[in-house]
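Have a look at final-v2.pdb below; it lists PDB, C-alpha atoms.
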ATOM      1  CA  MET A   8      -3.929  30.748 -13.326
ATOM      2  CA  TYR A   9      -1.532  30.216 -16.219
ATOM      3  CA  THR A  10      -3.895  28.829 -18.843
ATOM      4  CA  SER A  11      -3.136  31.090 -21.804
ATOM      5  CA  SER A  12       0.633  31.003 -21.327
ATOM      6  CA  LEU A  13       0.571  27.234 -21.001
ATOM      7  CA  PHE A  14      -1.316  26.607 -24.223
ATOM      8  CA  ARG A  15       0.647  29.196 -26.178
ATOM      9  CA  PHE A  16       3.713  27.309 -25.094
ATOM     10  CA  LEU A  17       2.262  23.957 -26.132
ATOM     11  CA  LYS A  18       1.273  25.210 -29.591
ATOM     12  CA  ARG A  19       4.800  26.235 -30.516
ATOM     13  CA  GLN A  20       6.097  23.547 -32.839
ATOM     14  CA  LYS A  21       9.716  24.205 -31.992
ATOM     15  CA  ALA A  22       9.433  25.199 -28.361
ATOM     16  CA  LYS A  23      12.643  26.026 -26.543
ATOM     17  CA  ASN A  24      13.495  26.020 -22.847
ATOM     18  CA  LYS A  25      10.662  23.636 -21.952
ATOM     19  CA  GLU A  26      12.448  22.590 -18.774
ATOM     20  CA  LEU A  27      12.788  26.242 -17.705
ATOM     21  CA  PHE A  28       9.114  26.908 -18.451
ATOM     22  CA  ILE A  29       7.954  23.963 -16.350
ATOM     23  CA  ARG A  30      10.222  24.962 -13.475
ATOM     24  CA  GLU A  31       8.836  28.506 -13.514
ATOM     25  CA  LEU A  32       5.279  27.188 -13.441
ATOM     26  CA  ARG A  33       5.982  25.012 -10.447
ATOM     27  CA  GLU A  34       7.741  27.809  -8.576
ATOM     28  CA  LEU A  35       4.945  30.308  -9.234
ATOM     29  CA  HIS A  36       2.070  28.036  -8.379
ATOM     30  CA  GLU A  37       2.326  25.543  -5.543
ATOM     31  CA  GLU A  38      -1.342  24.629  -5.883
ATOM     32  CA  PRO A  39      -2.542  22.483  -8.821
ATOM     33  CA  ILE A  40      -2.321  24.188 -12.191
ATOM     34  CA  LYS A  41      -5.772  25.318 -13.393
ATOM     35  CA  ILE A  42      -6.618  25.055 -17.079
ATOM     36  CA  THR A  43      -9.836  26.473 -18.528
ATOM     37  CA  VAL A  44     -11.097  24.565 -21.567
ATOM     38  CA  ASP A  45     -14.341  26.423 -22.335
ATOM     39  CA  LYS A  46     -13.135  27.640 -25.731
ATOM     40  CA  MET A  47     -11.402  24.431 -26.722
ATOM     41  CA  ASP A  48     -12.671  21.460 -28.715
ATOM     42  CA  LEU A  49     -13.362  18.884 -26.020
ATOM     43  CA  ASN A  50     -13.243  16.120 -28.631
ATOM     44  CA  LYS A  51      -9.530  16.863 -29.012
ATOM     45  CA  ILE A  52      -8.766  16.503 -25.317
ATOM     46  CA  PHE A  53      -8.297  12.975 -23.969
ATOM     47  CA  LEU A  54      -7.679  11.246 -20.662
ATOM     48  CA  THR A  55      -6.307   7.863 -19.701
ATOM     49  CA  GLY A  56      -3.965   6.269 -17.198
ATOM     50  CA  ASP A  57      -2.265   3.162 -15.870
ATOM     51  CA  LEU A  58      -0.958   1.666 -19.094
ATOM     52  CA  HIS A  59       1.847  -0.052 -17.149
ATOM     53  CA  LEU A  60       3.811  -0.622 -20.337
ATOM     54  CA  ASN A  61       6.324  -3.482 -20.089
ATOM     55  CA  HIS A  62       4.662  -4.773 -16.902
ATOM     56  CA  THR A  63       4.189  -8.497 -17.462
ATOM     57  CA  ASN A  64       2.305  -9.244 -14.239
ATOM     58  CA  ILE A  65      -0.312  -6.545 -14.814
ATOM     59  CA  ILE A  66      -1.890  -8.903 -17.372
ATOM     60  CA  THR A  67      -2.733 -11.319 -14.564
ATOM     61  CA  TYR A  68      -3.372  -8.747 -11.834
ATOM     62  CA  CYS A  69      -5.989  -6.907 -13.885
ATOM     63  CA  ASN A  70      -7.161  -9.760 -16.121
ATOM     64  CA  ARG A  71      -6.042  -7.994 -19.285
ATOM     65  CA  PRO A  72      -6.854  -9.785 -22.554
ATOM     66  CA  PHE A  73      -3.276 -10.093 -23.809
ATOM     67  CA  THR A  74      -1.160 -13.184 -24.338
ATOM     68  CA  SER A  75       2.176 -11.446 -23.755
ATOM     69  CA  VAL A  76       3.632  -8.170 -22.561
ATOM     70  CA  ASN A  77       4.918  -7.363 -26.066
ATOM     71  CA  LYS A  78       1.433  -7.844 -27.486
ATOM     72  CA  MET A  79       0.014  -5.636 -24.736
ATOM     73  CA  ASN A  80       2.526  -2.869 -25.449
ATOM     74  CA  LYS A  81       1.747  -2.915 -29.169
ATOM     75  CA  VAL A  82      -2.028  -2.856 -28.695
ATOM     76  CA  LEU A  83      -1.977  -0.065 -26.126
ATOM     77  CA  ILE A  84       0.279   2.116 -28.288
ATOM     78  CA  HIS A  85      -1.777   1.345 -31.419
ATOM     79  CA  ASN A  86      -5.068   2.179 -29.667
ATOM     80  CA  TRP A  87      -3.632   5.422 -28.329
ATOM     81  CA  ASN A  88      -2.308   6.606 -31.690
ATOM     82  CA  LYS A  89      -5.473   5.578 -33.502
ATOM     83  CA  THR A  90      -7.529   7.655 -31.052
ATOM     84  CA  VAL A  91      -5.235  10.646 -30.478
ATOM     85  CA  LYS A  92      -3.927  12.887 -33.253
ATOM     86  CA  ARG A  93      -0.548  14.595 -33.120
ATOM     87  CA  ASP A  94      -1.890  17.980 -31.953
ATOM     88  CA  ASP A  95      -4.534  16.644 -29.564
ATOM     89  CA  ILE A  96      -4.062  17.069 -25.829
ATOM     90  CA  VAL A  97      -3.800  14.123 -23.454
ATOM     91  CA  PHE A  98      -4.003  14.255 -19.686
ATOM     92  CA  TYR A  99      -2.237  11.087 -18.631
ATOM     93  CA  LEU A 100      -3.077  10.136 -15.053
ATOM     94  CA  GLY A 101      -0.034   8.209 -13.994
ATOM     95  CA  ASP A 102       1.907   4.934 -14.156
ATOM     96  CA  LEU A 103       3.055   4.905 -17.733
ATOM     97  CA  ALA A 104       5.479   2.004 -17.366
ATOM     98  CA  PHE A 105       6.461  -0.469 -14.693
ATOM     99  CA  GLY A 106       8.959  -3.261 -14.147
ATOM    100  CA  ARG A 107      12.590  -3.854 -13.308
ATOM    101  CA  ASN A 108      13.658  -3.685 -16.951
ATOM    102  CA  LYS A 109      11.182  -1.039 -18.084
ATOM    103  CA  ASN A 110      12.172   1.540 -20.658
ATOM    104  CA  LYS A 111      12.322   5.111 -19.437
ATOM    105  CA  ILE A 112       9.389   7.496 -19.722
ATOM    106  CA  PRO A 113      10.901   9.503 -22.635
ATOM    107  CA  TYR A 114      11.176   6.270 -24.646
ATOM    108  CA  TRP A 115       7.433   5.659 -24.456
ATOM    109  CA  LEU A 116       6.403   9.285 -24.878
ATOM    110  CA  LYS A 117       8.159   9.380 -28.254
ATOM    111  CA  LYS A 118       5.882   6.582 -29.435
ATOM    112  CA  LEU A 119       2.631   8.281 -28.403
ATOM    113  CA  ASN A 120       0.678  10.971 -30.228
ATOM    114  CA  GLY A 121      -0.486  14.191 -28.625
ATOM    115  CA  ARG A 122       0.721  16.946 -26.367
ATOM    116  CA  ILE A 123       0.852  15.065 -23.108
ATOM    117  CA  PHE A 124       0.291  16.376 -19.601
ATOM    118  CA  LEU A 125       1.690  13.726 -17.278
ATOM    119  CA  ILE A 126       0.064  13.538 -13.854
ATOM    120  CA  ARG A 127       2.720  11.666 -11.943
ATOM    121  CA  GLY A 128       1.757   8.245 -10.577
ATOM    122  CA  ASN A 129       3.295   6.245  -7.759
ATOM    123  CA  HIS A 130       5.324   4.172 -10.253
ATOM    124  CA  ASP A 131       6.493   7.127 -12.355
ATOM    125  CA  ARG A 132      10.099   7.803 -11.460
ATOM    126  CA  GLY A 133      13.200   8.963 -13.234
ATOM    127  CA  ASN A 134      13.648  11.376 -16.104
ATOM    128  CA  PHE A 135      10.670  13.687 -16.718
ATOM    129  CA  LYS A 136      12.483  16.336 -18.759
ATOM    130  CA  SER A 137      10.616  15.459 -21.939
ATOM    131  CA  ALA A 138       7.146  15.813 -20.382
ATOM    132  CA  LEU A 139       4.886  18.482 -18.952
ATOM    133  CA  TYR A 140       4.290  16.856 -15.590
ATOM    134  CA  PHE A 141       2.411  17.758 -12.440
ATOM    135  CA  ASP A 142       1.284  16.051  -9.258
ATOM    136  CA  ARG A 143      -2.262  17.317  -9.791
ATOM    137  CA  CYS A 144      -4.118  19.465 -12.284
ATOM    138  CA  ILE A 145      -7.548  21.130 -12.347
ATOM    139  CA  ILE A 146      -9.617  21.390 -15.522
ATOM    140  CA  ILE A 147     -12.312  24.067 -15.533
ATOM    141  CA  TYR A 148     -15.292  23.791 -17.864
ATOM    142  CA  ASN A 149     -18.412  25.967 -17.664
ATOM    143  CA  GLY A 150     -17.473  26.992 -14.144
ATOM    144  CA  ARG A 151     -17.143  23.407 -12.919
ATOM    145  CA  GLU A 152     -13.781  22.171 -11.678
ATOM    146  CA  PHE A 153     -12.459  18.649 -12.220
ATOM    147  CA  LEU A 154      -9.460  17.553 -10.196
ATOM    148  CA  LEU A 155      -7.052  15.319 -12.118
ATOM    149  CA  THR A 156      -4.947  13.127  -9.875
ATOM    150  CA  HIS A 157      -3.455   9.662  -9.896
ATOM    151  CA  ASN A 158      -4.643   8.316  -6.547
ATOM    152  CA  PRO A 159      -8.040   9.698  -5.448
ATOM    153  CA  ASP A 160      -7.506   8.443  -1.893
ATOM    154  CA  GLN A 161      -5.065  11.317  -1.398
ATOM    155  CA  ASP A 162      -7.681  13.963  -2.214
ATOM    156  CA  ILE A 163     -10.464  13.187   0.249
ATOM    157  CA  HIS A 164     -11.027  16.878   1.016
ATOM    158  CA  TRP A 165     -11.904  17.745  -2.590
ATOM    159  CA  ASN A 166     -15.661  18.333  -2.878
ATOM    160  CA  GLY A 167     -16.046  18.279  -6.669
ATOM    161  CA  TRP A 168     -15.494  15.679  -9.353
ATOM    162  CA  ILE A 169     -12.229  13.737  -9.380
ATOM    163  CA  ILE A 170     -10.837  12.101 -12.515
ATOM    164  CA  HIS A 171      -8.232   9.531 -11.518
ATOM    165  CA  GLY A 172      -6.439   6.271 -12.171
ATOM    166  CA  HIS A 173      -4.471   4.038  -9.792
ATOM    167  CA  HIS A 174      -7.221   1.551  -8.906
ATOM    168  CA  HIS A 175      -7.462  -0.094 -12.344
ATOM    169  CA  ASN A 176     -10.414  -2.517 -12.325
ATOM    170  CA  ASN A 177      -9.597  -3.921  -8.889
ATOM    171  CA  HIS A 178     -12.202  -2.092  -6.772
ATOM    172  CA  PRO A 179     -15.326  -1.808  -8.932
ATOM    173  CA  GLU A 180     -17.613  -1.363  -5.947
ATOM    174  CA  LYS A 181     -15.886   1.886  -4.893
ATOM    175  CA  TYR A 182     -14.050   2.971  -8.043
ATOM    176  CA  PRO A 183     -16.041   1.918 -11.106
ATOM    177  CA  PHE A 184     -15.736   3.880 -14.327
ATOM    178  CA  ILE A 185     -18.041   6.507 -12.875
ATOM    179  CA  ASN A 186     -19.340   6.861  -9.316
ATOM    180  CA  SER A 187     -22.035   9.519  -9.213
ATOM    181  CA  VAL A 188     -22.285   9.420  -5.401
ATOM    182  CA  ASN A 189     -18.601   9.996  -4.676
ATOM    183  CA  LYS A 190     -18.129  12.048  -7.868
ATOM    184  CA  THR A 191     -15.218  10.019  -9.185
ATOM    185  CA  ILE A 192     -14.336   8.946 -12.726
ATOM    186  CA  ASN A 193     -11.809   6.140 -13.077
ATOM    187  CA  VAL A 194      -9.924   6.361 -16.389
ATOM    188  CA  SER A 195      -7.574   3.451 -15.771
ATOM    189  CA  THR A 196      -7.127   1.896 -19.194
ATOM    190  CA  GLU A 197      -8.983  -1.314 -18.297
ATOM    191  CA  LEU A 198     -12.184   0.725 -17.821
ATOM    192  CA  THR A 199     -11.950   2.761 -21.027
ATOM    193  CA  GLY A 200     -11.504  -0.023 -23.571
ATOM    194  CA  TYR A 201      -7.695   0.168 -23.438
ATOM    195  CA  LYS A 202      -7.657   3.525 -25.202
ATOM    196  CA  PRO A 203      -7.874   7.202 -24.202
ATOM    197  CA  ILE A 204     -11.352   8.661 -23.720
ATOM    198  CA  SER A 205     -12.435  12.156 -24.740
ATOM    199  CA  LEU A 206     -13.154  14.913 -22.267
ATOM    200  CA  ASN A 207     -16.312  15.679 -24.247
ATOM    201  CA  TYR A 208     -17.679  12.212 -23.451
ATOM    202  CA  LEU A 209     -16.916  12.607 -19.748
ATOM    203  CA  ILE A 210     -18.428  16.098 -19.560
ATOM    204  CA  ASN A 211     -21.641  14.843 -21.181
ATOM    205  CA  LEU A 212     -21.845  12.003 -18.655
ATOM    206  CA  VAL A 213     -21.474  14.386 -15.737
ATOM    207  CA  GLU A 214     -24.017  16.838 -17.127
ATOM    208  CA  ASN A 215     -26.561  14.053 -17.631
ATOM    209  CA  ILE A 216     -25.987  12.875 -14.060
ATOM    210  CA  ASN A 217     -26.488  16.395 -12.737
ATOM    211  CA  LYS A 218     -29.762  16.677 -14.647
TER     212      LYS A 218
END
Representation of the structure as structure tokens:
Amino acid sequence: MYTSSLFRFLKRQKAKNKELFIRELRELHEEPIKITVDKMDLNKIFLTGDLHLNHTNIITYCNRPFTSVNKMNKVLIHNWNKTVKRDDIVFYLGDLAFGRNKNKIPYWLKKLNGRIFLIRGNHDRGNFKSALYFDRCIIIYNGREFLLTHNPDQDIHWNGWIIHGHHHNNHPEKYPFINSVNKTINVSTELTGYKPISLNYLINLVENINK
């Protein structure tokens, strides 16, 4: 587990050799990175996914309430930055942008507040040098593990809670915002009010369900 080293690295305002650090992490740990958050302020940790910035057709596919892709981009970025402060942590669960003429991931990351962990989605390709990115990540709180992944269908052998994206609002019968039977939480932006949602809120939901 590389929790302390990871957060010391993130807290450095003028961090150097980020690319080297990420490469070392991935070489040392083939399994998902585990991050313990017991001593952290859960109201300063956020999750979201599937913004699909610059994706015109997503407005129709997911019945988003926007009249144009430019309007959608502006609202999603505004909601993010109004919710997330500069030093907050965001676990982003994949598919940041989409489309033939989409801007690259670094372009959008510069517009968004927070120290962002990018869980790579099926549409995330290209230059990731400006992001801390993983295929999966595990958050540990009070001894309970939450698997963060883009597509939950690829993690059918995981027995605990899964926080994911990918399905948007297209399969509400199987992947609603929260499914207490299958232990899944869908943080696709359509299901979280088009803004990131705090880890504290999600933890409280799970604890109430367990009670």
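Taking only C-alpha atoms into account, those protein, DNA and RNA residues with any atom at most 8 Å away from (-5.9, 7.9, -12.2) amount to Thr55, Gly56, Asp57, Leu100, Gly101, Gly128, Leu155, Thr156, His157, Asn158, Pro159, Ile170, His171, Gly172, His173, His174, Asn193, Val194 and Ser195 of chain A.
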Residues as selected, C-alpha atoms, written as a PDB file, in the frame of the given file, can you do that?
ATOM      1  CA  THR A  55      -6.307   7.863 -19.701  1.00  0.00           C
ATOM      2  CA  GLY A  56      -3.965   6.269 -17.198  1.00  0.00           C
ATOM      3  CA  ASP A  57      -2.265   3.162 -15.870  1.00  0.00           C
ATOM      4  CA  LEU A 100      -3.077  10.136 -15.053  1.00  0.00           C
ATOM      5  CA  GLY A 101      -0.034   8.209 -13.994  1.00  0.00           C
ATOM      6  CA  GLY A 128       1.757   8.245 -10.577  1.00  0.00           C
ATOM      7  CA  LEU A 155      -7.052  15.319 -12.118  1.00  0.00           C
ATOM      8  CA  THR A 156      -4.947  13.127  -9.875  1.00  0.00           C
ATOM      9  CA  HIS A 157      -3.455   9.662  -9.896  1.00  0.00           C
ATOM     10  CA  ASN A 158      -4.643   8.316  -6.547  1.00  0.00           C
ATOM     11  CA  PRO A 159      -8.040   9.698  -5.448  1.00  0.00           C
ATOM     12  CA  ILE A 170     -10.837  12.101 -12.515  1.00  0.00           C
ATOM     13  CA  HIS A 171      -8.232   9.531 -11.518  1.00  0.00           C
ATOM     14  CA  GLY A 172      -6.439   6.271 -12.171  1.00  0.00           C
ATOM     15  CA  HIS A 173      -4.471   4.038  -9.792  1.00  0.00           C
ATOM     16  CA  HIS A 174      -7.221   1.551  -8.906  1.00  0.00           C
ATOM     17  CA  ASN A 193     -11.809   6.140 -13.077  1.00  0.00           C
ATOM     18  CA  VAL A 194      -9.924   6.361 -16.389  1.00  0.00           C
ATOM     19  CA  SER A 195      -7.574   3.451 -15.771  1.00  0.00           C
TER      20      SER A 195
END
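Distances from A:Leu154, A:Leu212, A:Ile145, A:Ile204 to Ile185 of chain A were compared using all atoms listed in the file, and the smallest one belongs to A:Leu212.
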Please write the residues picked by the PyMOL selection byres ((chain A and resi 41-49) around 6) on this file as a ChimeraX atom specification.
-> /A:8,10,40,50-52,145-148,206-207
Next, write the just-selected residues to a file, as a PDB file, in the frame of the given file, keeping C-alpha atoms as the atom set.
ATOM      1  CA  MET A   8      -3.929  30.748 -13.326  1.00  0.00           C
ATOM      2  CA  THR A  10      -3.895  28.829 -18.843  1.00  0.00           C
ATOM      3  CA  ILE A  40      -2.321  24.188 -12.191  1.00  0.00           C
ATOM      4  CA  ASN A  50     -13.243  16.120 -28.631  1.00  0.00           C
ATOM      5  CA  LYS A  51      -9.530  16.863 -29.012  1.00  0.00           C
ATOM      6  CA  ILE A  52      -8.766  16.503 -25.317  1.00  0.00           C
ATOM      7  CA  ILE A 145      -7.548  21.130 -12.347  1.00  0.00           C
ATOM      8  CA  ILE A 146      -9.617  21.390 -15.522  1.00  0.00           C
ATOM      9  CA  ILE A 147     -12.312  24.067 -15.533  1.00  0.00           C
ATOM     10  CA  TYR A 148     -15.292  23.791 -17.864  1.00  0.00           C
ATOM     11  CA  LEU A 206     -13.154  14.913 -22.267  1.00  0.00           C
ATOM     12  CA  ASN A 207     -16.312  15.679 -24.247  1.00  0.00           C
TER      13      ASN A 207
END
Output check: residues returned by the PyMOL selection byres ((chain A and resi 82-94) around 8), as a PDB file with C-alpha atoms, in the coordinates of the input:
ATOM      1  CA  LYS A  51      -9.530  16.863 -29.012  1.00  0.00           C
ATOM      2  CA  PHE A  53      -8.297  12.975 -23.969  1.00  0.00           C
ATOM      3  CA  LEU A  58      -0.958   1.666 -19.094  1.00  0.00           C
ATOM      4  CA  LYS A  78       1.433  -7.844 -27.486  1.00  0.00           C
ATOM      5  CA  MET A  79       0.014  -5.636 -24.736  1.00  0.00           C
ATOM      6  CA  ASN A  80       2.526  -2.869 -25.449  1.00  0.00           C
ATOM      7  CA  LYS A  81       1.747  -2.915 -29.169  1.00  0.00           C
ATOM      8  CA  ASP A  95      -4.534  16.644 -29.564  1.00  0.00           C
ATOM      9  CA  ILE A  96      -4.062  17.069 -25.829  1.00  0.00           C
ATOM     10  CA  VAL A  97      -3.800  14.123 -23.454  1.00  0.00           C
ATOM     11  CA  LYS A 118       5.882   6.582 -29.435  1.00  0.00           C
ATOM     12  CA  LEU A 119       2.631   8.281 -28.403  1.00  0.00           C
ATOM     13  CA  ASN A 120       0.678  10.971 -30.228  1.00  0.00           C
ATOM     14  CA  GLY A 121      -0.486  14.191 -28.625  1.00  0.00           C
ATOM     15  CA  ARG A 122       0.721  16.946 -26.367  1.00  0.00           C
ATOM     16  CA  TYR A 201      -7.695   0.168 -23.438  1.00  0.00           C
ATOM     17  CA  LYS A 202      -7.657   3.525 -25.202  1.00  0.00           C
ATOM     18  CA  PRO A 203      -7.874   7.202 -24.202  1.00  0.00           C
TER      19      PRO A 203
END
Å distance separating atom CA of Leu103 of chain A from atom CA of His59 of chain A, one decimal place |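 Those two atoms sit 5.1 Å apart.
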Length of the atom CA of Ile210 of chain A to atom CA of Pro179 of chain A vector [Å] = 21.1 Å
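Distance-wise, atom CA of Asn217 of chain A and atom CA of Lys181 of chain A end up 19.6 Å apart.
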Can you list, as a count of residues only, the residues that the PyMOL selection byres ((chain A and resi 191) around 9) selects here?
-> 17
Quick one: segment 137-157 of chain A with N, CA and C atoms, as a compact mmCIF listing (two decimals), keeping the file's coordinate frame?
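What ended up in selection-v5.txt:
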# COMPACT_ATOMS: atom_id res chain seq x y z
N SER A 137 11.29 15.38 -20.65
CA SER A 137 10.62 15.46 -21.94
C SER A 137 9.10 15.59 -21.81
N ALA A 138 8.59 15.78 -20.58
CA ALA A 138 7.15 15.81 -20.38
C ALA A 138 6.74 17.02 -19.55
N LEU A 139 5.53 17.52 -19.84
CA LEU A 139 4.89 18.48 -18.95
C LEU A 139 4.25 17.67 -17.84
N TYR A 140 4.79 17.73 -16.64
CA TYR A 140 4.29 16.86 -15.59
C TYR A 140 3.92 17.65 -14.35
N PHE A 141 2.91 17.14 -13.66
CA PHE A 141 2.41 17.76 -12.44
C PHE A 141 1.99 16.65 -11.48
N ASP A 142 1.83 17.00 -10.22
CA ASP A 142 1.28 16.05 -9.26
C ASP A 142 -0.24 16.03 -9.32
N ARG A 143 -0.82 17.19 -9.62
CA ARG A 143 -2.26 17.32 -9.79
C ARG A 143 -2.53 18.42 -10.79
N CYS A 144 -3.73 18.44 -11.33
CA CYS A 144 -4.12 19.46 -12.28
C CYS A 144 -5.63 19.65 -12.17
N ILE A 145 -6.11 20.85 -12.39
CA ILE A 145 -7.55 21.13 -12.35
C ILE A 145 -7.99 21.63 -13.72
N ILE A 146 -8.98 20.96 -14.29
CA ILE A 146 -9.62 21.39 -15.52
C ILE A 146 -10.90 22.13 -15.17
N ILE A 147 -11.11 23.28 -15.78
CA ILE A 147 -12.31 24.07 -15.53
C ILE A 147 -13.13 24.13 -16.82
N TYR A 148 -14.38 23.70 -16.72
CA TYR A 148 -15.29 23.79 -17.86
C TYR A 148 -16.64 24.30 -17.38
N ASN A 149 -17.10 25.40 -17.98
CA ASN A 149 -18.41 25.97 -17.66
C ASN A 149 -18.55 26.22 -16.16
N GLY A 150 -17.47 26.66 -15.56
CA GLY A 150 -17.47 26.99 -14.14
C GLY A 150 -17.30 25.81 -13.21
N ARG A 151 -17.29 24.60 -13.75
CA ARG A 151 -17.14 23.41 -12.92
C ARG A 151 -15.69 22.95 -12.94
N GLU A 152 -15.17 22.59 -11.79
CA GLU A 152 -13.78 22.17 -11.68
C GLU A 152 -13.68 20.65 -11.53
N PHE A 153 -12.75 20.07 -12.29
CA PHE A 153 -12.46 18.65 -12.22
C PHE A 153 -11.01 18.49 -11.78
N LEU A 154 -10.82 17.80 -10.68
CA LEU A 154 -9.46 17.55 -10.20
C LEU A 154 -8.90 16.31 -10.87
N LEU A 155 -7.74 16.44 -11.50
CA LEU A 155 -7.05 15.32 -12.12
C LEU A 155 -5.92 14.90 -11.20
N THR A 156 -5.95 13.64 -10.79
CA THR A 156 -4.95 13.13 -9.88
C THR A 156 -4.76 11.64 -10.15
N HIS A 157 -3.67 11.10 -9.69
CA HIS A 157 -3.46 9.66 -9.90
C HIS A 157 -4.25 8.84 -8.89
